[in-house]
$ cat start33.txt   # compact mmCIF, C-alpha atoms
# COMPACT_ATOMS: atom_id res chain seq x y z
CA MET A 135 83.18 72.16 144.46
CA ALA A 136 79.69 72.83 145.65
CA PRO A 137 78.19 70.04 147.69
CA ILE A 138 75.82 67.75 145.81
CA ARG A 139 72.19 68.67 146.35
CA ASP A 140 69.90 65.69 146.51
CA LYS A 141 66.69 65.98 144.56
CA PHE A 142 64.86 62.83 143.60
CA THR A 143 61.86 62.84 141.33
CA ILE A 144 60.44 59.36 141.20
CA HIS A 145 57.34 58.73 139.13
CA SER A 146 54.50 57.19 141.13
CA ARG A 147 54.50 54.13 138.86
CA ALA A 148 58.24 53.54 139.19
CA VAL A 149 59.51 50.88 141.60
CA VAL A 150 62.65 51.96 143.44
CA CYS A 151 63.80 49.78 146.33
CA GLN A 152 64.78 51.26 149.67
CA ASP A 153 68.26 49.78 149.57
CA VAL A 154 69.40 51.91 146.61
CA GLU A 155 72.09 54.56 146.74
CA LEU A 156 70.95 57.76 145.11
CA LYS A 157 72.92 60.97 145.07
CA GLY A 158 72.31 64.27 143.29
CA ASP A 159 69.51 65.36 140.97
CA ILE A 160 67.80 62.22 139.70
CA THR A 161 64.56 61.78 137.76
CA ILE A 162 63.15 58.29 137.32
CA GLY A 163 60.36 57.84 134.79
CA SER A 164 57.14 55.88 134.88
CA GLY A 165 57.38 52.11 135.24
CA SER A 166 61.15 51.97 135.69
CA ILE A 167 62.53 49.47 138.17
CA VAL A 168 65.57 49.86 140.37
CA HIS A 169 66.62 46.71 142.23
CA PRO A 170 68.16 46.85 145.71
CA LYS A 171 71.90 47.65 145.96
CA ALA A 172 71.97 49.60 142.70
CA THR A 173 73.77 52.94 142.68
CA ILE A 174 72.87 56.12 140.80
CA PHE A 175 75.28 59.03 141.25
CA ALA A 176 74.62 62.40 139.69
CA ILE A 177 77.97 63.93 140.64
CA ALA A 178 78.08 66.95 138.32
CA GLY A 179 74.89 67.16 136.24
CA PRO A 180 71.47 65.61 136.71
CA ILE A 181 70.41 62.13 135.53
CA VAL A 182 67.09 61.59 133.79
CA ILE A 183 65.93 57.99 133.35
CA GLY A 184 63.04 57.27 131.00
CA SER A 185 60.21 54.80 131.40
CA GLY A 186 60.32 51.01 131.56
CA CYS A 187 64.04 50.73 132.40
CA ILE A 188 65.30 47.90 134.59
CA ILE A 189 68.36 48.57 136.72
CA GLU A 190 69.57 45.42 138.48
CA GLU A 191 71.53 44.97 141.68
CA GLY A 192 75.07 46.32 141.80
CA ALA A 193 74.61 48.41 138.65
CA ILE A 194 76.29 51.82 138.83
CA ILE A 195 75.12 54.81 136.80
CA VAL A 196 77.35 57.87 137.10
CA ASN A 197 77.17 61.30 135.52
CA ARG A 198 80.52 63.08 135.71
CA ARG A 199 79.62 65.79 133.21
CA LYS A 200 77.81 69.06 133.75
CA GLU A 201 75.16 68.36 131.12
CA VAL A 202 72.08 66.26 131.74
CA MET A 203 72.60 62.51 131.40
CA ARG A 204 69.61 61.19 129.48
CA ILE A 205 68.70 57.53 129.54
CA GLY A 206 65.86 56.57 127.20
CA ASP A 207 63.10 54.00 127.62
CA ASP A 208 63.10 50.21 128.06
CA ASN A 209 66.81 49.81 128.78
CA LEU A 210 68.14 46.88 130.77
CA PHE A 211 71.17 47.36 132.99
CA GLU A 212 72.22 43.98 134.35
CA ILE A 213 74.06 43.03 137.55
CA GLY A 214 77.19 44.99 138.36
CA CYS A 215 77.44 47.02 135.15
CA ARG A 216 78.83 50.55 135.13
CA ILE A 217 77.47 53.24 132.84
CA GLU A 218 78.83 56.74 132.49
CA CYS A 219 77.63 57.67 128.98
CA PRO A 220 76.00 61.09 128.66
CA THR A 221 73.20 59.76 126.46
CA VAL A 222 71.63 56.35 126.16
CA GLY A 223 68.88 55.69 123.62
CA ASN A 224 66.05 53.19 123.93
CA SER A 225 65.89 49.40 124.31
CA ASN A 226 69.58 48.86 125.01
CA THR A 227 70.97 45.92 126.95
CA ILE A 228 74.05 46.33 129.09
CA SER A 229 74.98 42.86 130.31
CA THR A 230 76.47 41.70 133.57
CA ARG A 231 79.71 43.43 134.61
CA ALA A 232 80.06 45.47 131.41
CA ARG A 233 81.60 48.93 131.66
CA VAL A 234 80.85 51.82 129.33
CA HIS A 235 82.91 54.99 129.63
CA HIS A 236 81.73 58.60 129.55
CA THR A 237 83.22 59.12 126.07
CA VAL A 238 80.57 56.91 124.47
CA ARG A 239 77.11 58.04 123.46
CA MET A 240 74.80 55.14 122.95
CA GLY A 241 72.14 54.88 120.26
CA SER A 242 69.17 52.55 120.44
CA TYR A 243 68.91 48.73 120.38
CA CYS A 244 72.58 48.34 121.29
CA SER A 245 73.82 45.50 123.38
CA VAL A 246 77.03 45.25 125.35
CA GLY A 247 78.09 41.71 126.28
CA ALA A 248 79.00 40.37 129.70
CA GLY A 249 82.27 41.72 131.07
CA CYS A 250 82.95 43.97 128.04
CA LEU A 251 84.94 47.14 128.51
CA VAL A 252 84.00 50.02 126.21
CA VAL A 253 86.59 52.69 126.96
CA PRO A 254 87.54 54.65 123.83
CA THR A 255 89.85 57.63 124.43
CA GLU A 256 88.00 59.89 122.00
CA ASP A 257 84.32 60.71 121.97
CA GLU A 258 82.26 58.40 119.86
CA ILE A 259 78.66 57.56 119.13
CA LEU A 260 77.53 53.97 119.02
CA ASP A 261 75.21 53.43 116.06
CA ASP A 262 71.83 51.82 116.54
CA TYR A 263 71.88 47.99 116.63
CA THR A 264 75.57 47.80 117.58
CA VAL A 265 76.54 44.64 119.44
CA ILE A 266 79.72 44.60 121.50
CA TYR A 267 80.91 41.17 122.54
CA GLY A 268 83.79 39.04 123.72
CA PRO A 269 86.87 39.77 125.81
CA ALA A 270 88.36 42.13 123.18
CA ALA A 271 85.08 44.09 122.89
CA GLU A 272 84.62 43.34 119.19
CA ARG A 273 81.73 44.92 117.34
CA ARG A 274 79.16 44.00 114.78
CA ILE A 275 75.74 45.15 113.71
CA TRP A 276 72.60 43.29 114.71
CA SER A 277 70.19 42.54 111.87
CA GLY A 278 67.27 43.41 114.11
CA ARG A 279 65.84 39.90 113.95
CA GLY A 280 63.83 38.97 117.01
CA LYS A 281 63.46 42.59 117.97
CA VAL A 282 59.75 42.28 118.70
CA GLN A 283 60.31 39.21 120.88
CA GLU A 284 63.09 40.96 122.77
CA ALA A 285 60.91 44.01 123.38
CA ASP A 286 58.06 41.77 124.49
CA LEU A 287 60.32 39.94 126.96
CA ARG A 288 61.54 43.25 128.34
CA LYS A 289 58.00 44.50 128.74
CA LYS A 290 56.83 41.34 130.52
CA HIS A 291 59.93 41.33 132.73
CA ALA A 292 59.26 44.89 133.85
CA GLU A 293 55.61 44.09 134.41
CA TYR A 294 56.49 41.08 136.55
CA LEU A 295 58.98 43.06 138.63
CA ARG A 296 56.54 45.89 139.19
CA GLU A 297 54.17 43.36 140.67
CA MET A 298 56.62 41.19 142.66
CA LEU A 299 59.27 43.56 143.99
CA PRO A 300 56.92 45.56 146.26
CA LYS A 301 55.86 42.30 147.96
CA PHE A 302 59.34 41.56 149.28
CA ASN A 303 61.16 44.90 149.33
CA ARG A 304 60.48 48.25 150.86
CA LEU A 305 60.10 50.96 148.32
CA ARG A 306 61.37 54.47 148.12
CA ARG A 307 59.14 57.32 147.15
CA GLY A 308 60.10 60.60 145.55
CA GLU A 309 59.71 63.89 147.30
CA GLY A 310 56.22 65.26 147.37
CA SER A 311 54.52 62.14 146.02
CA MET B 44 96.85 21.16 159.81
CA ASP B 45 95.60 24.35 158.22
CA PRO B 46 95.33 27.51 160.29
CA PRO B 47 91.76 28.53 161.12
CA ILE B 48 90.03 31.37 159.30
CA PHE B 49 88.70 33.69 161.95
CA TYR B 50 85.59 35.83 161.70
CA SER B 51 84.10 38.17 164.26
CA LYS B 52 81.32 36.54 166.22
CA THR B 53 79.03 39.54 165.93
CA GLU B 54 79.13 39.51 162.13
CA TYR B 55 77.78 36.03 161.48
CA ILE B 56 74.53 34.44 162.54
CA GLU B 57 74.75 30.69 163.12
CA THR B 58 71.63 28.56 162.68
CA ASP B 59 70.81 25.24 164.37
CA THR B 60 71.98 23.29 161.32
CA GLY B 61 75.33 25.09 161.31
CA ASN B 62 74.72 27.60 158.53
CA LYS B 63 76.73 30.76 159.00
CA VAL B 64 75.21 33.81 157.39
CA SER B 65 76.85 37.22 157.45
CA ARG B 66 74.78 40.13 158.65
CA ARG B 67 76.28 42.17 155.84
CA ALA B 68 74.84 39.89 153.17
CA THR B 69 71.66 41.03 151.41
CA ILE B 70 69.08 38.30 151.46
CA ALA B 71 65.78 39.14 149.81
CA GLY B 72 62.79 36.86 150.34
CA PRO B 73 64.45 34.52 152.90
CA GLN B 74 61.31 32.39 153.12
CA ASN B 75 62.04 31.16 149.59
CA ILE B 76 65.66 30.15 150.24
CA ILE B 77 66.77 26.75 151.55
CA LEU B 78 70.22 26.25 153.04
CA GLY B 79 71.22 22.60 153.51
CA GLY B 80 73.30 23.08 156.65
CA LYS B 81 76.93 24.00 157.32
CA THR B 82 76.76 26.52 154.52
CA ILE B 83 78.60 29.83 154.76
CA ILE B 84 77.22 33.03 153.23
CA SER B 85 79.98 35.65 153.27
CA SER B 86 79.59 39.39 153.69
CA GLY B 87 78.41 41.50 150.78
CA ALA B 88 76.72 38.56 149.05
CA ILE B 89 73.32 39.20 147.47
CA ILE B 90 70.84 36.33 147.31
CA ARG B 91 67.55 37.03 145.57
CA GLY B 92 64.86 34.80 146.95
CA ASP B 93 62.19 37.34 146.09
CA LEU B 94 62.25 36.62 142.36
CA ARG B 95 59.90 33.68 142.61
CA ARG B 96 57.82 31.79 140.20
CA THR B 97 54.32 33.15 139.92
CA GLY B 98 51.51 30.89 140.96
CA ALA B 99 49.93 29.73 144.16
CA GLY B 100 51.63 28.02 147.05
CA HIS B 101 55.07 28.00 148.54
CA ALA B 102 57.82 28.29 146.00
CA VAL B 103 61.47 27.49 146.58
CA VAL B 104 63.60 29.94 144.63
CA ILE B 105 67.16 29.07 145.61
CA SER B 106 68.22 25.87 147.33
CA LEU B 107 71.78 25.27 148.46
CA GLY B 108 73.08 21.94 149.74
CA ARG B 109 75.46 21.15 152.60
CA TYR B 110 78.99 22.52 153.00
CA CYS B 111 78.54 25.28 150.42
CA VAL B 112 80.36 28.60 150.49
CA VAL B 113 79.04 31.75 148.85
CA GLY B 114 81.97 34.16 148.58
CA GLU B 115 82.16 37.87 149.30
CA GLY B 116 80.17 40.09 146.98
CA CYS B 117 78.56 37.19 145.11
CA VAL B 118 75.22 37.73 143.44
CA MET B 119 72.90 34.74 143.20
CA ARG B 120 69.65 35.27 141.36
CA PRO B 121 67.35 32.83 139.61
CA PRO B 122 67.19 32.88 135.78
CA TYR B 123 64.17 34.13 133.87
CA LYS B 124 62.57 33.51 130.48
CA THR B 125 59.21 33.52 128.79
CA TYR B 126 57.68 30.14 128.26
CA ARG B 127 54.51 29.84 126.16
CA GLY B 128 54.08 33.56 126.37
CA ASN B 129 54.31 33.77 130.15
CA PHE B 130 57.20 35.48 131.83
CA ASN B 131 58.64 33.68 134.82
CA TYR B 132 61.65 33.27 137.03
CA TYR B 133 62.77 29.65 137.45
CA PRO B 134 64.24 28.07 140.59
CA MET B 135 67.97 27.56 141.05
CA LYS B 136 69.24 24.33 142.57
CA ILE B 137 72.72 23.90 143.96
CA GLY B 138 74.10 20.60 145.28
CA ASP B 139 76.44 19.84 148.20
CA HIS B 140 80.09 20.86 148.61
CA VAL B 141 79.89 23.78 146.19
CA HIS B 142 82.33 26.65 146.59
CA ILE B 143 81.61 29.92 144.81
CA GLY B 144 84.44 32.48 144.73
CA ALA B 145 84.22 36.18 145.54
CA ASN B 146 82.37 38.62 143.26
CA THR B 147 80.90 35.94 141.03
CA VAL B 148 77.47 36.41 139.48
CA VAL B 149 75.44 33.19 139.29
CA GLU B 150 72.24 32.88 137.27
CA ALA B 151 72.48 29.14 136.68
CA ALA B 152 69.54 26.75 136.61
CA THR B 153 71.32 23.82 138.28
CA ILE B 154 74.72 23.31 139.79
CA GLY B 155 75.65 19.76 140.79
CA SER B 156 77.64 18.62 143.80
CA HIS B 157 81.38 19.06 144.38
CA VAL B 158 81.60 22.02 142.02
CA GLU B 159 84.20 24.74 142.41
CA ILE B 160 83.55 28.13 140.84
CA GLY B 161 86.36 30.68 140.92
CA LYS B 162 86.17 34.36 141.67
CA ASN B 163 84.97 37.14 139.33
CA CYS B 164 83.07 34.69 137.12
CA VAL B 165 79.79 35.34 135.35
CA ILE B 166 77.60 32.26 135.09
CA GLY B 167 74.92 32.99 132.50
CA LYS B 168 71.22 32.27 132.68
CA PHE B 169 70.01 28.65 132.63
CA THR B 170 73.55 27.26 132.76
CA ILE B 171 73.71 23.65 133.92
CA ILE B 172 76.86 22.63 135.75
CA LYS B 173 77.21 18.90 136.36
CA ASP B 174 78.91 17.21 139.33
CA CYS B 175 82.61 17.69 140.12
CA ALA B 176 83.13 20.37 137.46
CA ARG B 177 85.39 23.35 137.96
CA VAL B 178 85.14 26.89 136.60
CA ALA B 179 88.39 28.87 136.68
CA ASP B 180 88.68 32.44 137.99
CA GLY B 181 87.29 35.16 135.73
CA THR B 182 85.43 32.81 133.39
CA ILE B 183 82.39 34.14 131.55
CA VAL B 184 79.98 31.31 130.91
CA PRO B 185 77.38 32.28 128.30
CA PRO B 186 73.67 31.57 128.92
CA ASN B 187 72.32 28.02 128.37
CA THR B 188 75.76 26.37 128.57
CA VAL B 189 76.04 22.83 129.88
CA ILE B 190 79.28 22.11 131.70
CA PRO B 191 79.84 18.33 131.82
CA ALA B 192 81.00 16.39 134.86
CA LEU B 193 84.72 16.45 135.72
CA ALA B 194 85.49 19.27 133.27
CA LEU B 195 87.54 22.40 133.82
CA PHE B 196 86.13 25.47 132.06
CA ALA B 197 88.01 28.74 131.61
CA GLY B 198 88.16 31.88 129.46
CA SER B 199 85.71 34.30 127.91
CA PRO B 200 83.49 32.76 126.63
CA GLY B 201 84.08 29.79 128.93
CA ARG B 202 85.44 26.77 127.07
CA PHE B 203 86.49 23.26 127.95
CA VAL B 204 90.16 23.10 128.99
CA GLU B 205 90.81 19.67 130.42
CA ASP B 206 89.36 16.70 132.26
CA LEU B 207 89.73 16.57 136.00
CA PRO B 208 90.99 13.43 137.76
CA GLU B 209 88.44 10.97 139.07
CA SER B 210 89.56 11.69 142.60
CA THR B 211 88.04 15.18 142.37
CA GLN B 212 84.95 14.22 144.33
CA GLU B 213 86.99 13.07 147.35
CA THR B 214 89.40 15.98 147.29
CA VAL B 215 86.66 18.60 146.96
CA GLU B 216 84.60 16.97 149.68
CA ALA B 217 87.57 16.88 152.04
CA TYR B 218 88.45 20.46 151.15
CA THR B 219 84.96 21.87 151.77
CA LYS B 220 84.64 20.03 155.08
CA ARG B 221 88.05 21.27 156.16
CA HIS B 222 87.12 24.80 155.15
CA TYR B 223 84.01 24.66 157.29
CA THR B 224 85.92 23.46 160.36
CA ARG B 225 88.58 26.11 159.77
CA PHE B 226 85.94 28.84 159.71
CA GLN B 227 85.93 29.71 163.41
CA PRO B 228 84.52 32.59 165.43
CA LEU B 229 87.01 34.85 167.15
CA ASP B 230 85.92 35.22 170.76
CA ARG B 231 86.37 38.52 172.40
$ encode --input "start33.txt" --output "structure tokens"
Amino acid sequence: MAPIRDKFTIHSRAVVCQDVELKGDITIGSGSIVHPKATIFAIAGPIVIGSGCIIEEGAIIVNRRKEVMRIGDDNLFEIGCRIECPTVGNSNTISTRARVHHTVRMGSYCSVGAGCLVVPTEDEILDDYTVIYGPAAERRIWSGRGKVQEADLRKKHAEYLREMLPKFNRLRRGEGS
Amino acid sequence: MDPPIFYSKTEYIETDTGNKVSRRATIAGPQNIILGGKTIISSGAIIRGDLRRTGAGHAVVISLGRYCVVGEGCVMRPPYKTYRGNFNYYPMKIGDHVHIGANTVVEAATIGSHVEIGKNCVIGKFTIIKDCARVADGTIVPPNTVIPALALFAGSPGRFVEDLPESTQETVEAYTKRHYTRFQPLDR
């Protein structure tokens, strides 16, 4: 296997802490936030992260496939979660310690509960508004109530972090910016 | 007499008040963190003191009491919410004699004294844990839960299992003190 070539493209408005492990071809969009101790590994193909995403400490994002892993906008990846899905839509919430396998493609407005394991053996696509919860990873569909409030909270959270994180943490800049 | 737990002297920093903090722990915004004394922060722990409340002046983000132990790989970060349209992080207060097991994620608002939290737990945002409570290993406590005094919580989602004996306070206090004295540097 060819050695992994590092190539980081970090938007000038993104906040990526110094203490983050990045490997491979990674693009981070405008206004996204990566907390310290997060890990992003583009082992086989590149990873493209959209704008306004929040990636908390201990979160692991891995791309094992050759194709580009696309993560949409305004997603929240909480502490210690592990994501390997080839596509992630917009405004998803992956809670603390959840794990989503590479066989899942995620739509938009999905939420995966704390400690849930989503590891189907066959490829599947999670519909929009799917909620996965509980120890047995049960599913149901969210009515979409409170969607505006949720989006507003996400937006304010990202705004706050963009302001506060640079005060206490050293930041990482992309190449050539 | 229990055998001592040895650690390498170079790994831990000891403060005047007897706090022992691992060099391999990640502590962000240390000026906003208060350790009560004789508290042990193990290696790989992440404590986020940088997520402070907005506004002027000095803000305490995380305060830990005496004889606390933060286990290996623990993440402690203050909870957040919007209140009257303003987004903010809110301080986290932890009492004395609190043991937190390895790889637990804590986003609680308050944790009382003499509380034992097992390993691999997730303590949701704005959880309130009262005095002398216990959380079993691997419990997932949903956000905004209140765990009453002298209760044992377990499962996913965390539920009440049984009452703890009234002697819990004494036994936990003795245990945490013993643990601190057992935690000795290995001279070389």
$ residues_around --input "start33.txt" --residues "region 280-289 of chain A" --least-positions-apart "2" --cutoff "12 Å" --atoms "all atoms listed in the file" --output "PyMOL selection string"
(chain A and resi 165-167+185-188+207-211+224-227+242-245+263+276-278+291-296) or (chain B and resi 123-131)
$ atom_distance --input "start33.txt" --atom1 "CA of His236 (chain A)" --atom2 "CA of Lys141 (chain A)"
22.5 Å
$ residues_near_point --input "start33.txt" --point "(89.8, 32.0, 127.7)" --cutoff "10 Å" --atoms "only C-alpha atoms" --output "count of residues only"
14
$ atom_distance --input "start33.txt" --atom1 "CA of Ile194 (chain A)" --atom2 "CA of Glu155 (chain A)"
9.4 Å
$ atom_distance --input "start33.txt" --atom1 "CA of Thr264 (chain A)" --atom2 "CA of Ile195 (chain A)"
20.5 Å
$ closest_atom_pairs --input "start33.txt" --of "chain A" --to "chain B" --cutoff "8 Å" --atoms "only C-alpha atoms" --output "CSV"
residue,atom,partner,partner_atom,distance
A:Ile213,CA,B:Val148,CA,7.7
A:Thr230,CA,B:Val165,CA,7.4
A:Ala248,CA,B:Ile183,CA,7.3
A:Gly249,CA,B:Ile183,CA,7.6
A:Gly268,CA,B:Ser199,CA,6.6
A:Pro269,CA,B:Ser199,CA,6.0
A:Leu287,CA,B:Thr125,CA,6.8
A:Lys290,CA,B:Phe130,CA,6.0
A:His291,CA,B:Phe130,CA,6.5
A:Tyr294,CA,B:Phe130,CA,7.4
A:Met298,CA,B:Leu94,CA,7.3
A:Leu299,CA,B:Asp93,CA,7.2
A:Phe302,CA,B:Gly72,CA,5.9
A:Asn303,CA,B:Ala71,CA,7.4
$ residues_near_point --input "start33.txt" --point "(67.9, 47.1, 154.5)" --cutoff "10 Å" --atoms "all atoms listed in the file" --output "ChimeraX atom specification"
/A:151-154,170-171,303-304 /B:67,69-71
$ axis_aligned_box --input "start33.txt" --around "region 116-134 of chain B" --padding-each-side "6 Å" --output "AutoDock Vina command-line options"
--center_x 67.1 --center_y 34.1 --center_z 136.6 --size_x 38.1 --size_y 24.0 --size_z 32.8
$ residues_around --input "start33.txt" --residues "Lys168 (chain B)" --least-positions-apart "2" --cutoff "8 Å" --atoms "all atoms listed in the file" --output "list in words"
Pro121, Pro122, Tyr123, Val149, Glu150, Ala151, Ala152, Ile166, Thr170, Pro185, Pro186 and Asn187 of chain B
$ residues_around --input "start33.txt" --residues "Thr161 (chain A)" --least-positions-apart "4" --cutoff "6 Å" --atoms "only C-alpha atoms" --output "number ranges by chain"
A: 142-144, 182-183
$ residues_around --input "start33.txt" --residues "region 217-228 of chain B" --least-positions-apart "3" --cutoff "6 Å" --atoms "only C-alpha atoms" --output "list in words"
Pro47, Ile48, Phe49, Tyr50, Ser51, Lys52, His140 and Thr214 of chain B
$ decode --input "start33.txt" --residues "region 55-72 of chain B" --atoms "N, CA and C atoms" --output "PDB file, in the first residue's frame"
ATOM      1  N   TYR B  55       3.774  12.320  37.280  1.00  0.00           N
ATOM      2  CA  TYR B  55       2.800  13.149  37.993  1.00  0.00           C
ATOM      3  C   TYR B  55       3.440  14.408  38.576  1.00  0.00           C
ATOM      4  N   ILE B  56       2.686  15.466  38.566  1.00  0.00           N
ATOM      5  CA  ILE B  56       3.106  16.709  39.193  1.00  0.00           C
ATOM      6  C   ILE B  56       2.324  16.807  40.499  1.00  0.00           C
ATOM      7  N   GLU B  57       3.017  17.056  41.610  1.00  0.00           N
ATOM      8  CA  GLU B  57       2.314  17.190  42.875  1.00  0.00           C
ATOM      9  C   GLU B  57       2.300  18.652  43.283  1.00  0.00           C
ATOM     10  N   THR B  58       1.127  19.160  43.655  1.00  0.00           N
ATOM     11  CA  THR B  58       1.040  20.557  44.073  1.00  0.00           C
ATOM     12  C   THR B  58       1.189  20.645  45.589  1.00  0.00           C
ATOM     13  N   ASP B  59       1.238  21.877  46.103  1.00  0.00           N
ATOM     14  CA  ASP B  59       1.400  22.103  47.550  1.00  0.00           C
ATOM     15  C   ASP B  59       0.270  21.474  48.351  1.00  0.00           C
ATOM     16  N   THR B  60      -0.941  21.500  47.784  1.00  0.00           N
ATOM     17  CA  THR B  60      -2.097  20.970  48.513  1.00  0.00           C
ATOM     18  C   THR B  60      -2.272  19.473  48.304  1.00  0.00           C
ATOM     19  N   GLY B  61      -1.306  18.839  47.649  1.00  0.00           N
ATOM     20  CA  GLY B  61      -1.345  17.382  47.509  1.00  0.00           C
ATOM     21  C   GLY B  61      -2.110  16.878  46.304  1.00  0.00           C
ATOM     22  N   ASN B  62      -2.453  17.749  45.368  1.00  0.00           N
ATOM     23  CA  ASN B  62      -3.073  17.274  44.131  1.00  0.00           C
ATOM     24  C   ASN B  62      -2.007  16.586  43.291  1.00  0.00           C
ATOM     25  N   LYS B  63      -2.373  15.502  42.662  1.00  0.00           N
ATOM     26  CA  LYS B  63      -1.438  14.813  41.783  1.00  0.00           C
ATOM     27  C   LYS B  63      -2.031  14.788  40.385  1.00  0.00           C
ATOM     28  N   VAL B  64      -1.359  15.484  39.474  1.00  0.00           N
ATOM     29  CA  VAL B  64      -1.899  15.629  38.128  1.00  0.00           C
ATOM     30  C   VAL B  64      -0.923  15.009  37.141  1.00  0.00           C
ATOM     31  N   SER B  65      -1.426  14.102  36.324  1.00  0.00           N
ATOM     32  CA  SER B  65      -0.572  13.446  35.337  1.00  0.00           C
ATOM     33  C   SER B  65      -0.163  14.423  34.248  1.00  0.00           C
ATOM     34  N   ARG B  66       1.055  14.275  33.786  1.00  0.00           N
ATOM     35  CA  ARG B  66       1.521  15.105  32.668  1.00  0.00           C
ATOM     36  C   ARG B  66       0.851  14.681  31.370  1.00  0.00           C
ATOM     37  N   ARG B  67       0.307  13.483  31.351  1.00  0.00           N
ATOM     38  CA  ARG B  67      -0.320  12.999  30.126  1.00  0.00           C
ATOM     39  C   ARG B  67      -1.811  13.339  30.073  1.00  0.00           C
ATOM     40  N   ALA B  68      -2.290  14.064  31.059  1.00  0.00           N
ATOM     41  CA  ALA B  68      -3.680  14.532  31.014  1.00  0.00           C
ATOM     42  C   ALA B  68      -3.727  15.823  30.212  1.00  0.00           C
ATOM     43  N   THR B  69      -4.857  16.039  29.516  1.00  0.00           N
ATOM     44  CA  THR B  69      -5.025  17.273  28.753  1.00  0.00           C
ATOM     45  C   THR B  69      -5.874  18.220  29.577  1.00  0.00           C
ATOM     46  N   ILE B  70      -5.294  19.326  29.975  1.00  0.00           N
ATOM     47  CA  ILE B  70      -6.046  20.277  30.771  1.00  0.00           C
ATOM     48  C   ILE B  70      -6.075  21.599  30.032  1.00  0.00           C
ATOM     49  N   ALA B  71      -7.257  21.958  29.535  1.00  0.00           N
ATOM     50  CA  ALA B  71      -7.398  23.202  28.794  1.00  0.00           C
ATOM     51  C   ALA B  71      -7.917  24.269  29.743  1.00  0.00           C
ATOM     52  N   GLY B  72      -7.391  25.457  29.631  1.00  0.00           N
ATOM     53  CA  GLY B  72      -7.823  26.567  30.485  1.00  0.00           C
ATOM     54  C   GLY B  72      -7.635  26.304  31.961  1.00  0.00           C
TER      55      GLY B  72
END
